[in-house]
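Structure below is coords-v9.pdb: PDB, C-alpha atoms, pLDDT in the B column.
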ATOM      1  CA  MET A 126      25.408  14.611  23.007  1.00 50.00           C
ATOM      2  CA  ARG A 127      27.519  15.938  25.894  1.00 51.00           C
ATOM      3  CA  LEU A 128      26.130  13.215  28.162  1.00 46.00           C
ATOM      4  CA  LEU A 129      26.951  10.570  25.546  1.00 45.00           C
ATOM      5  CA  LEU A 130      30.512  11.827  25.210  1.00 46.00           C
ATOM      6  CA  PHE A 131      30.963  11.851  28.982  1.00 45.00           C
ATOM      7  CA  PHE A 132      29.639   8.283  29.190  1.00 41.00           C
ATOM      8  CA  LEU A 133      31.974   7.065  26.460  1.00 48.00           C
ATOM      9  CA  PHE A 134      35.031   8.673  28.047  1.00 49.00           C
ATOM     10  CA  THR A 135      34.111   7.246  31.456  1.00 49.00           C
ATOM     11  CA  LEU A 136      33.489   3.778  30.004  1.00 49.00           C
ATOM     12  CA  SER A 137      36.738   3.710  28.065  1.00 52.00           C
ATOM     13  CA  SER A 138      38.735   4.848  31.118  1.00 52.00           C
ATOM     14  CA  SER A 139      37.135   2.113  33.210  1.00 45.00           C
ATOM     15  CA  LEU A 140      37.882  -0.537  30.620  1.00 50.00           C
ATOM     16  CA  PHE A 141      41.555   0.452  30.466  1.00 50.00           C
ATOM     17  CA  THR A 142      41.792   0.291  34.285  1.00 46.00           C
ATOM     18  CA  VAL A 143      40.231  -3.191  34.382  1.00 45.00           C
ATOM     19  CA  GLN A 144      42.528  -4.412  31.618  1.00 49.00           C
ATOM     20  CA  ALA A 145      45.562  -3.201  33.538  1.00 51.00           C
ATOM     21  CA  GLN A 146      44.501  -5.221  36.586  1.00 59.00           C
ATOM     22  CA  THR A 147      43.842  -8.534  34.817  1.00 84.00           C
ATOM     23  CA  PRO A 148      46.280 -11.068  33.297  1.00 93.00           C
ATOM     24  CA  PHE A 149      47.432 -10.243  29.789  1.00 98.00           C
ATOM     25  CA  LYS A 150      45.400 -12.195  27.231  1.00 98.00           C
ATOM     26  CA  VAL A 151      46.324 -12.673  23.573  1.00 98.00           C
ATOM     27  CA  VAL A 152      44.182 -14.128  20.790  1.00 98.00           C
ATOM     28  CA  LEU A 153      46.114 -15.915  18.046  1.00 98.00           C
ATOM     29  CA  ASP A 154      44.222 -16.047  14.769  1.00 98.00           C
ATOM     30  CA  ALA A 155      45.473 -18.437  12.065  1.00 98.00           C
ATOM     31  CA  GLY A 156      44.176 -16.988   8.813  1.00 97.00           C
ATOM     32  CA  HIS A 157      41.810 -18.873   6.496  1.00 97.00           C
ATOM     33  CA  GLY A 158      41.145 -22.603   7.112  1.00 98.00           C
ATOM     34  CA  GLY A 159      38.823 -25.394   6.027  1.00 97.00           C
ATOM     35  CA  LYS A 160      37.172 -24.636   2.675  1.00 96.00           C
ATOM     36  CA  ASP A 161      39.203 -21.420   2.453  1.00 97.00           C
ATOM     37  CA  PRO A 162      42.830 -22.355   1.639  1.00 98.00           C
ATOM     38  CA  GLY A 163      44.039 -18.795   1.239  1.00 97.00           C
ATOM     39  CA  THR A 164      46.781 -18.177  -1.275  1.00 96.00           C
ATOM     40  CA  LEU A 165      48.588 -21.117  -2.934  1.00 97.00           C
ATOM     41  CA  GLY A 166      52.240 -21.715  -3.751  1.00 97.00           C
ATOM     42  CA  VAL A 167      53.708 -21.221  -7.209  1.00 96.00           C
ATOM     43  CA  LEU A 168      56.196 -24.094  -6.931  1.00 97.00           C
ATOM     44  CA  ASP A 169      53.593 -26.475  -5.549  1.00 97.00           C
ATOM     45  CA  ARG A 170      49.872 -25.709  -5.481  1.00 96.00           C
ATOM     46  CA  SER A 171      49.486 -28.012  -2.482  1.00 98.00           C
ATOM     47  CA  HIS A 172      51.370 -25.423  -0.410  1.00 98.00           C
ATOM     48  CA  ARG A 173      48.527 -23.513   1.222  1.00 98.00           C
ATOM     49  CA  GLU A 174      48.407 -20.340   3.257  1.00 98.00           C
ATOM     50  CA  LYS A 175      45.977 -21.861   5.760  1.00 98.00           C
ATOM     51  CA  ASP A 176      48.467 -24.613   6.691  1.00 98.00           C
ATOM     52  CA  ILE A 177      51.440 -22.271   7.046  1.00 98.00           C
ATOM     53  CA  ALA A 178      49.437 -19.807   9.136  1.00 98.00           C
ATOM     54  CA  LEU A 179      48.207 -22.568  11.431  1.00 98.00           C
ATOM     55  CA  ALA A 180      51.677 -24.065  11.897  1.00 98.00           C
ATOM     56  CA  ILE A 181      53.149 -20.687  12.844  1.00 98.00           C
ATOM     57  CA  THR A 182      50.211 -19.887  15.125  1.00 98.00           C
ATOM     58  CA  LEU A 183      50.506 -23.169  17.025  1.00 98.00           C
ATOM     59  CA  GLU A 184      54.261 -22.686  17.462  1.00 98.00           C
ATOM     60  CA  VAL A 185      53.721 -19.177  18.838  1.00 98.00           C
ATOM     61  CA  GLY A 186      51.225 -20.659  21.276  1.00 98.00           C
ATOM     62  CA  ARG A 187      53.596 -23.449  22.274  1.00 98.00           C
ATOM     63  CA  LEU A 188      56.372 -20.950  23.021  1.00 98.00           C
ATOM     64  CA  LEU A 189      54.038 -18.768  25.079  1.00 98.00           C
ATOM     65  CA  GLN A 190      52.693 -21.688  27.103  1.00 98.00           C
ATOM     66  CA  ALA A 191      56.178 -23.084  27.723  1.00 98.00           C
ATOM     67  CA  ASN A 192      57.880 -19.843  28.706  1.00 98.00           C
ATOM     68  CA  HIS A 193      55.172 -17.419  29.812  1.00 98.00           C
ATOM     69  CA  PRO A 194      52.227 -19.331  31.279  1.00 97.00           C
ATOM     70  CA  GLU A 195      51.086 -16.082  32.932  1.00 97.00           C
ATOM     71  CA  ILE A 196      50.020 -14.863  29.477  1.00 98.00           C
ATOM     72  CA  GLN A 197      46.573 -16.254  28.754  1.00 98.00           C
ATOM     73  CA  LEU A 198      46.189 -17.707  25.281  1.00 98.00           C
ATOM     74  CA  VAL A 199      43.128 -18.059  23.067  1.00 98.00           C
ATOM     75  CA  TYR A 200      43.021 -19.523  19.538  1.00 98.00           C
ATOM     76  CA  THR A 201      40.375 -18.661  16.969  1.00 98.00           C
ATOM     77  CA  ARG A 202      41.208 -22.035  15.422  1.00 98.00           C
ATOM     78  CA  SER A 203      43.711 -24.737  16.316  1.00 98.00           C
ATOM     79  CA  THR A 204      42.736 -27.174  13.537  1.00 98.00           C
ATOM     80  CA  ASP A 205      41.923 -26.978   9.834  1.00 98.00           C
ATOM     81  CA  VAL A 206      38.410 -25.547  10.085  1.00 98.00           C
ATOM     82  CA  PHE A 207      36.616 -22.633   8.436  1.00 97.00           C
ATOM     83  CA  ILE A 208      35.885 -19.755  10.810  1.00 96.00           C
ATOM     84  CA  GLU A 209      33.966 -16.678   9.638  1.00 94.00           C
ATOM     85  CA  LEU A 210      35.680 -13.330  10.079  1.00 92.00           C
ATOM     86  CA  GLY A 211      32.945 -12.158  12.425  1.00 92.00           C
ATOM     87  CA  ARG A 212      33.291 -15.293  14.545  1.00 95.00           C
ATOM     88  CA  ARG A 213      37.050 -14.686  14.855  1.00 96.00           C
ATOM     89  CA  ALA A 214      36.360 -11.199  16.149  1.00 94.00           C
ATOM     90  CA  ASP A 215      33.615 -12.477  18.457  1.00 95.00           C
ATOM     91  CA  ILE A 216      36.051 -14.934  20.046  1.00 97.00           C
ATOM     92  CA  ALA A 217      38.489 -12.104  20.760  1.00 97.00           C
ATOM     93  CA  ASN A 218      35.837  -9.690  22.001  1.00 95.00           C
ATOM     94  CA  LYS A 219      34.177 -12.216  24.320  1.00 96.00           C
ATOM     95  CA  ALA A 220      37.578 -13.160  25.722  1.00 97.00           C
ATOM     96  CA  LYS A 221      38.191  -9.467  26.498  1.00 96.00           C
ATOM     97  CA  ALA A 222      41.638  -9.904  25.010  1.00 97.00           C
ATOM     98  CA  ASN A 223      44.449  -7.378  25.304  1.00 97.00           C
ATOM     99  CA  LEU A 224      45.824  -8.194  21.863  1.00 98.00           C
ATOM    100  CA  PHE A 225      44.606  -9.821  18.639  1.00 98.00           C
ATOM    101  CA  VAL A 226      47.207 -11.197  16.205  1.00 98.00           C
ATOM    102  CA  SER A 227      46.045 -12.534  12.847  1.00 98.00           C
ATOM    103  CA  ILE A 228      48.678 -14.501  10.898  1.00 98.00           C
ATOM    104  CA  HIS A 229      48.621 -14.680   7.097  1.00 98.00           C
ATOM    105  CA  VAL A 230      50.809 -15.258   4.044  1.00 98.00           C
ATOM    106  CA  ASN A 231      51.015 -12.716   1.255  1.00 97.00           C
ATOM    107  CA  ALA A 232      50.808 -13.102  -2.527  1.00 96.00           C
ATOM    108  CA  LEU A 233      50.941 -11.009  -5.658  1.00 94.00           C
ATOM    109  CA  PRO A 234      48.175 -11.363  -8.252  1.00 90.00           C
ATOM    110  CA  LYS A 235      48.620 -14.092 -10.868  1.00 85.00           C
ATOM    111  CA  GLU A 236      49.160 -11.481 -13.559  1.00 88.00           C
ATOM    112  CA  ALA A 237      52.121  -9.918 -11.714  1.00 90.00           C
ATOM    113  CA  THR A 238      55.308  -9.870 -13.765  1.00 88.00           C
ATOM    114  CA  HIS A 239      57.711  -9.667 -10.826  1.00 93.00           C
ATOM    115  CA  TYR A 240      58.322 -11.203  -7.419  1.00 96.00           C
ATOM    116  CA  ALA A 241      57.924  -9.509  -4.055  1.00 96.00           C
ATOM    117  CA  TYR A 242      59.932 -10.181  -0.909  1.00 97.00           C
ATOM    118  CA  GLY A 243      59.380  -9.369   2.721  1.00 98.00           C
ATOM    119  CA  VAL A 244      57.028  -9.045   5.654  1.00 98.00           C
ATOM    120  CA  GLN A 245      54.281  -6.556   6.364  1.00 98.00           C
ATOM    121  CA  THR A 246      52.235  -5.685   9.438  1.00 98.00           C
ATOM    122  CA  TYR A 247      48.779  -4.170   9.036  1.00 97.00           C
ATOM    123  CA  THR A 248      46.739  -2.089  11.439  1.00 96.00           C
ATOM    124  CA  LEU A 249      43.224  -0.852  10.827  1.00 92.00           C
ATOM    125  CA  SER A 250      42.496   2.133   8.624  1.00 85.00           C
ATOM    126  CA  LEU A 251      39.022   3.569   8.055  1.00 70.00           C
ATOM    127  CA  SER A 252      40.309   5.881   5.348  1.00 68.00           C
ATOM    128  CA  PRO A 253      39.334   5.136   1.731  1.00 55.00           C
ATOM    129  CA  VAL A 254      42.715   6.371   0.522  1.00 46.00           C
ATOM    130  CA  LYS A 255      46.362   5.486   1.121  1.00 50.00           C
ATOM    131  CA  THR A 256      45.630   1.863   1.981  1.00 46.00           C
ATOM    132  CA  ASN A 257      46.750  -1.343   0.303  1.00 50.00           C
ATOM    133  CA  LEU A 258      43.705  -2.188  -1.795  1.00 45.00           C
ATOM    134  CA  ALA A 259      45.201  -5.475  -3.040  1.00 49.00           C
ATOM    135  CA  VAL A 260      45.610  -6.775   0.505  1.00 48.00           C
ATOM    136  CA  GLU A 261      42.154  -5.530   1.476  1.00 45.00           C
ATOM    137  CA  LYS A 262      40.597  -7.330  -1.475  1.00 49.00           C
ATOM    138  CA  ARG A 263      42.429 -10.601  -0.838  1.00 48.00           C
ATOM    139  CA  GLU A 264      42.041 -10.790   2.927  1.00 51.00           C
ATOM    140  CA  ASN A 265      38.401  -9.660   2.843  1.00 54.00           C
ATOM    141  CA  SER A 266      37.571 -12.046  -0.036  1.00 53.00           C
ATOM    142  CA  VAL A 267      36.688 -14.812   2.434  1.00 53.00           C
ATOM    143  CA  ILE A 268      33.450 -12.894   3.050  1.00 49.00           C
ATOM    144  CA  ALA A 269      32.191 -14.330  -0.259  1.00 53.00           C
ATOM    145  CA  LEU A 270      32.287 -17.811   1.331  1.00 53.00           C
ATOM    146  CA  GLU A 271      30.147 -16.767   4.287  1.00 53.00           C
ATOM    147  CA  GLY A 272      26.761 -16.269   2.590  1.00 54.00           C
ATOM    148  CA  ASP A 273      24.165 -14.282   4.539  1.00 54.00           C
ATOM    149  CA  VAL A 274      26.489 -14.071   7.550  1.00 48.00           C
ATOM    150  CA  ALA A 275      28.533 -11.521   5.612  1.00 47.00           C
ATOM    151  CA  LYS A 276      25.754  -8.897   5.697  1.00 52.00           C
ATOM    152  CA  LYS A 277      26.896  -7.757   9.130  1.00 53.00           C
ATOM    153  CA  TYR A 278      30.200  -6.550   7.660  1.00 49.00           C
ATOM    154  CA  ASP A 279      28.490  -3.738   5.757  1.00 50.00           C
ATOM    155  CA  TYR A 280      30.051  -0.516   6.987  1.00 47.00           C
ATOM    156  CA  HIS A 281      28.296   2.762   6.171  1.00 49.00           C
ATOM    157  CA  PRO A 282      29.550   5.297   8.724  1.00 49.00           C
ATOM    158  CA  SER A 283      27.608   8.399   9.640  1.00 52.00           C
ATOM    159  CA  PRO A 284      29.254  11.468  11.209  1.00 56.00           C
ATOM    160  CA  GLU A 285      27.772  10.504  14.598  1.00 51.00           C
ATOM    161  CA  SER A 286      28.923   6.886  14.422  1.00 47.00           C
ATOM    162  CA  ASP A 287      32.379   8.044  13.309  1.00 49.00           C
ATOM    163  CA  ILE A 288      32.683  10.195  16.437  1.00 50.00           C
ATOM    164  CA  MET A 289      31.592   7.373  18.744  1.00 46.00           C
ATOM    165  CA  PHE A 290      33.802   4.823  17.009  1.00 48.00           C
ATOM    166  CA  GLU A 291      36.854   7.068  17.123  1.00 55.00           C
ATOM    167  CA  LEU A 292      36.367   7.791  20.827  1.00 50.00           C
ATOM    168  CA  MET A 293      36.224   4.089  21.654  1.00 52.00           C
ATOM    169  CA  GLN A 294      38.918   3.000  19.179  1.00 62.00           C
ATOM    170  CA  ASP A 295      41.508   5.772  19.473  1.00 70.00           C
ATOM    171  CA  HIS A 296      43.406   4.071  22.293  1.00 76.00           C
ATOM    172  CA  ASP A 297      43.259   0.646  20.637  1.00 86.00           C
ATOM    173  CA  MET A 298      44.460   1.984  17.296  1.00 88.00           C
ATOM    174  CA  LYS A 299      47.426   3.730  18.905  1.00 91.00           C
ATOM    175  CA  GLU A 300      48.310   0.538  20.762  1.00 95.00           C
ATOM    176  CA  SER A 301      47.907  -1.435  17.530  1.00 96.00           C
ATOM    177  CA  VAL A 302      50.509   0.754  15.864  1.00 96.00           C
ATOM    178  CA  GLU A 303      52.835   0.369  18.858  1.00 97.00           C
ATOM    179  CA  PHE A 304      52.640  -3.419  18.723  1.00 98.00           C
ATOM    180  CA  ALA A 305      52.855  -3.375  14.918  1.00 98.00           C
ATOM    181  CA  LYS A 306      56.223  -1.635  15.101  1.00 98.00           C
ATOM    182  CA  ILE A 307      57.502  -4.168  17.636  1.00 98.00           C
ATOM    183  CA  VAL A 308      56.397  -7.239  15.691  1.00 98.00           C
ATOM    184  CA  GLN A 309      57.526  -5.845  12.333  1.00 98.00           C
ATOM    185  CA  ASN A 310      60.992  -5.238  13.757  1.00 98.00           C
ATOM    186  CA  GLU A 311      61.087  -8.769  15.186  1.00 98.00           C
ATOM    187  CA  MET A 312      60.029 -10.382  11.900  1.00 98.00           C
ATOM    188  CA  VAL A 313      62.871  -8.539  10.186  1.00 98.00           C
ATOM    189  CA  LYS A 314      65.504  -9.092  12.891  1.00 98.00           C
ATOM    190  CA  THR A 315      64.642 -12.559  14.220  1.00 98.00           C
ATOM    191  CA  GLY A 316      62.965 -13.878  11.085  1.00 98.00           C
ATOM    192  CA  GLY A 317      65.670 -12.493   8.835  1.00 98.00           C
ATOM    193  CA  ARG A 318      63.130 -11.118   6.368  1.00 98.00           C
ATOM    194  CA  LYS A 319      63.042  -7.988   4.217  1.00 98.00           C
ATOM    195  CA  ASP A 320      61.214  -5.062   5.805  1.00 98.00           C
ATOM    196  CA  MET A 321      58.152  -3.957   3.808  1.00 98.00           C
ATOM    197  CA  GLY A 322      56.893  -1.816   6.650  1.00 97.00           C
ATOM    198  CA  VAL A 323      53.899  -1.210   8.883  1.00 97.00           C
ATOM    199  CA  ARG A 324      50.834  -0.350   6.810  1.00 95.00           C
ATOM    200  CA  GLN A 325      47.131   0.339   7.153  1.00 93.00           C
ATOM    201  CA  ALA A 326      44.156  -1.316   5.481  1.00 91.00           C
ATOM    202  CA  ASN A 327      40.409  -1.539   6.009  1.00 87.00           C
ATOM    203  CA  LEU A 328      40.369  -5.217   6.969  1.00 90.00           C
ATOM    204  CA  ALA A 329      37.124  -6.688   8.285  1.00 88.00           C
ATOM    205  CA  VAL A 330      38.720  -8.895  10.926  1.00 90.00           C
ATOM    206  CA  LEU A 331      40.506  -5.866  12.434  1.00 91.00           C
ATOM    207  CA  ARG A 332      37.509  -3.565  12.161  1.00 87.00           C
ATOM    208  CA  LEU A 333      35.341  -5.959  14.170  1.00 90.00           C
ATOM    209  CA  THR A 334      37.751  -6.471  17.082  1.00 92.00           C
ATOM    210  CA  TYR A 335      37.680  -4.154  20.093  1.00 90.00           C
ATOM    211  CA  MET A 336      41.269  -4.312  21.265  1.00 95.00           C
ATOM    212  CA  PRO A 337      44.728  -3.620  19.801  1.00 96.00           C
ATOM    213  CA  SER A 338      44.793  -5.743  16.637  1.00 97.00           C
ATOM    214  CA  VAL A 339      47.199  -6.467  13.803  1.00 98.00           C
ATOM    215  CA  LEU A 340      47.307  -8.652  10.721  1.00 97.00           C
ATOM    216  CA  LEU A 341      50.705 -10.077   9.807  1.00 98.00           C
ATOM    217  CA  GLU A 342      51.840 -11.056   6.314  1.00 98.00           C
ATOM    218  CA  VAL A 343      54.822 -13.327   7.010  1.00 98.00           C
ATOM    219  CA  GLY A 344      56.063 -13.619   3.431  1.00 98.00           C
ATOM    220  CA  PHE A 345      54.979 -14.111  -0.180  1.00 98.00           C
ATOM    221  CA  LEU A 346      53.816 -17.547  -1.236  1.00 97.00           C
ATOM    222  CA  SER A 347      53.882 -16.231  -4.805  1.00 97.00           C
ATOM    223  CA  THR A 348      57.676 -15.852  -4.592  1.00 97.00           C
ATOM    224  CA  PRO A 349      59.610 -19.146  -4.964  1.00 97.00           C
ATOM    225  CA  ASP A 350      62.360 -18.297  -2.466  1.00 97.00           C
ATOM    226  CA  GLU A 351      59.862 -17.245   0.185  1.00 98.00           C
ATOM    227  CA  GLU A 352      57.656 -20.244  -0.555  1.00 98.00           C
ATOM    228  CA  ARG A 353      60.635 -22.544   0.071  1.00 98.00           C
ATOM    229  CA  PHE A 354      61.416 -20.710   3.316  1.00 98.00           C
ATOM    230  CA  LEU A 355      57.849 -20.927   4.623  1.00 98.00           C
ATOM    231  CA  MET A 356      57.533 -24.596   3.727  1.00 98.00           C
ATOM    232  CA  THR A 357      60.419 -25.514   6.048  1.00 98.00           C
ATOM    233  CA  THR A 358      59.947 -26.129   9.757  1.00 98.00           C
ATOM    234  CA  GLU A 359      62.958 -23.897  10.412  1.00 98.00           C
ATOM    235  CA  GLY A 360      61.456 -21.030   8.440  1.00 98.00           C
ATOM    236  CA  ARG A 361      58.061 -21.247  10.098  1.00 98.00           C
ATOM    237  CA  ASN A 362      59.658 -21.527  13.537  1.00 98.00           C
ATOM    238  CA  LYS A 363      61.749 -18.406  12.882  1.00 98.00           C
ATOM    239  CA  MET A 364      58.596 -16.452  12.139  1.00 98.00           C
ATOM    240  CA  ALA A 365      56.864 -17.926  15.187  1.00 98.00           C
ATOM    241  CA  LYS A 366      59.788 -16.952  17.416  1.00 98.00           C
ATOM    242  CA  ALA A 367      59.657 -13.397  16.059  1.00 98.00           C
ATOM    243  CA  ILE A 368      55.939 -13.098  16.801  1.00 98.00           C
ATOM    244  CA  TYR A 369      56.420 -14.670  20.236  1.00 98.00           C
ATOM    245  CA  ASN A 370      59.214 -12.212  21.075  1.00 98.00           C
ATOM    246  CA  ALA A 371      57.004  -9.296  20.085  1.00 98.00           C
ATOM    247  CA  ILE A 372      54.055 -10.461  22.188  1.00 98.00           C
ATOM    248  CA  VAL A 373      56.238 -10.956  25.254  1.00 98.00           C
ATOM    249  CA  ALA A 374      57.838  -7.528  24.810  1.00 98.00           C
ATOM    250  CA  TYR A 375      54.464  -5.854  24.401  1.00 98.00           C
ATOM    251  CA  ALA A 376      52.873  -7.676  27.336  1.00 97.00           C
ATOM    252  CA  GLN A 377      55.565  -6.615  29.816  1.00 92.00           C
TER     253      GLN A 377
END

How does this structure look as structure tokens?
Amino acid sequence: MRLLLFFLFTLSSSLFTVQAQTPFKVVLDAGHGGKDPGTLGVLDRSHREKDIALAITLEVGRLLQANHPEIQLVYTRSTDVFIELGRRADIANKAKANLFVSIHVNALPKEATHYAYGVQTYTLSLSPVKTNLAVEKRENSVIALEGDVAKKYDYHPSPESDIMFELMQDHDMKESVEFAKIVQNEMVKTGGRKDMGVRQANLAVLRLTYMPSVLLEVGFLSTPDEERFLMTTEGRNKMAKAIYNAIVAYAQ
């Protein structure tokens, strides 16, 4: 056990040193896609989360390429295609990215009797309590579309695996929270949105990535005013500029 712990500490230190010496690389992940539309608008059911997420993602990428070509950019998808959660994580892991940003649109359940306003940023939590179960259920629901592929998402931690996971993930989770605070502030300040805070959830796409990772909820498509905002080019570009600002600030 002592030898294993020494190996893990040595490996993690080496990885951090290598990362510091290589160009900063960010993976932009447009949520949902293809046969998975994500949440739908209440004013117009043709307004789909997958389209809004992709538009914002591509604008973030355009801004990065135009103004900071030194930041290497990877997309999990750049068109309207279905990508499994595990495949999204694989893309980021194989790229040895420094940051993974997954872009989504929020929604309240159909039975909700009120509207919600604002933006949220999620980092990974392995705790079964004090997480947003509604977001976990909705964002992990895509697993049902993946068939047998989804079996690899089963997560049954043992005490030993918890120790190993925490040793390897502690740095990434701290960095995730640091970036989450930056991007949440930008979405409020630059995007002009209501602050619903930085939160934690046990989200599959974050659990499977081995670098600082966040999932952004850029507004509520179940709220008419926010739906109208997100369906305008100006609104989507505001959110893209906020995310771009945060990435640049974090990368420096």

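For the set A:Arg332, A:Lys363, A:Lys219, A:Arg173, the residue with the smallest atom-to-atom gap to A:Lys314 is A:Lys363, counting only C-alpha atoms.
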
For this structure, which residues satisfy the selection - the PyMOL selection byres ((chain A and resi 165) around 12) - when it is evaluated on the file as given? I want them as a PyMOL selection string.
chain A and resi 157+161-164+166-177+229-235+345-349+352+355-356

On this structure, which residues satisfy the PyMOL selection byres ((chain A and resi 313) around 10), written as a PDB file with C-alpha atoms, in the frame of the given file?
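Final output, saved to part35.pdb:
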ATOM      1  CA  GLY A 243      59.380  -9.369   2.721  1.00 98.00           C
ATOM      2  CA  VAL A 244      57.028  -9.045   5.654  1.00 98.00           C
ATOM      3  CA  GLN A 245      54.281  -6.556   6.364  1.00 98.00           C
ATOM      4  CA  VAL A 308      56.397  -7.239  15.691  1.00 98.00           C
ATOM      5  CA  GLN A 309      57.526  -5.845  12.333  1.00 98.00           C
ATOM      6  CA  ASN A 310      60.992  -5.238  13.757  1.00 98.00           C
ATOM      7  CA  GLU A 311      61.087  -8.769  15.186  1.00 98.00           C
ATOM      8  CA  MET A 312      60.029 -10.382  11.900  1.00 98.00           C
ATOM      9  CA  LYS A 314      65.504  -9.092  12.891  1.00 98.00           C
ATOM     10  CA  THR A 315      64.642 -12.559  14.220  1.00 98.00           C
ATOM     11  CA  GLY A 316      62.965 -13.878  11.085  1.00 98.00           C
ATOM     12  CA  GLY A 317      65.670 -12.493   8.835  1.00 98.00           C
ATOM     13  CA  ARG A 318      63.130 -11.118   6.368  1.00 98.00           C
ATOM     14  CA  LYS A 319      63.042  -7.988   4.217  1.00 98.00           C
ATOM     15  CA  ASP A 320      61.214  -5.062   5.805  1.00 98.00           C
ATOM     16  CA  MET A 321      58.152  -3.957   3.808  1.00 98.00           C
ATOM     17  CA  GLY A 322      56.893  -1.816   6.650  1.00 97.00           C
ATOM     18  CA  VAL A 343      54.822 -13.327   7.010  1.00 98.00           C
ATOM     19  CA  MET A 364      58.596 -16.452  12.139  1.00 98.00           C
ATOM     20  CA  ALA A 367      59.657 -13.397  16.059  1.00 98.00           C
TER      21      ALA A 367
END

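Here atom CA of A:Ala178 stands at a distance of 9.0 Å from atom CA of A:Gly158.
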
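Across the structure, atom CA of A:Arg213 and atom CA of A:Ala374 are spaced 24.1 Å apart.
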
Compile the contact shell of A:Gly211 as number ranges by chain: residues with an atom at most 7 Å away, counting only C-alpha atoms, same-chain residues fewer than 3 positions apart removed.
A: 214-215, 330, 333

Under the PyMOL selection byres ((chain A and resi 362) around 9), which residues of this model are included? Write them out as a PyMOL selection string.
chain A and resi 180-181+184-185+316+357-361+363-367

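The coordinates place atom CA of A:Phe354 at 22.7 Å from atom CA of A:Ile372.
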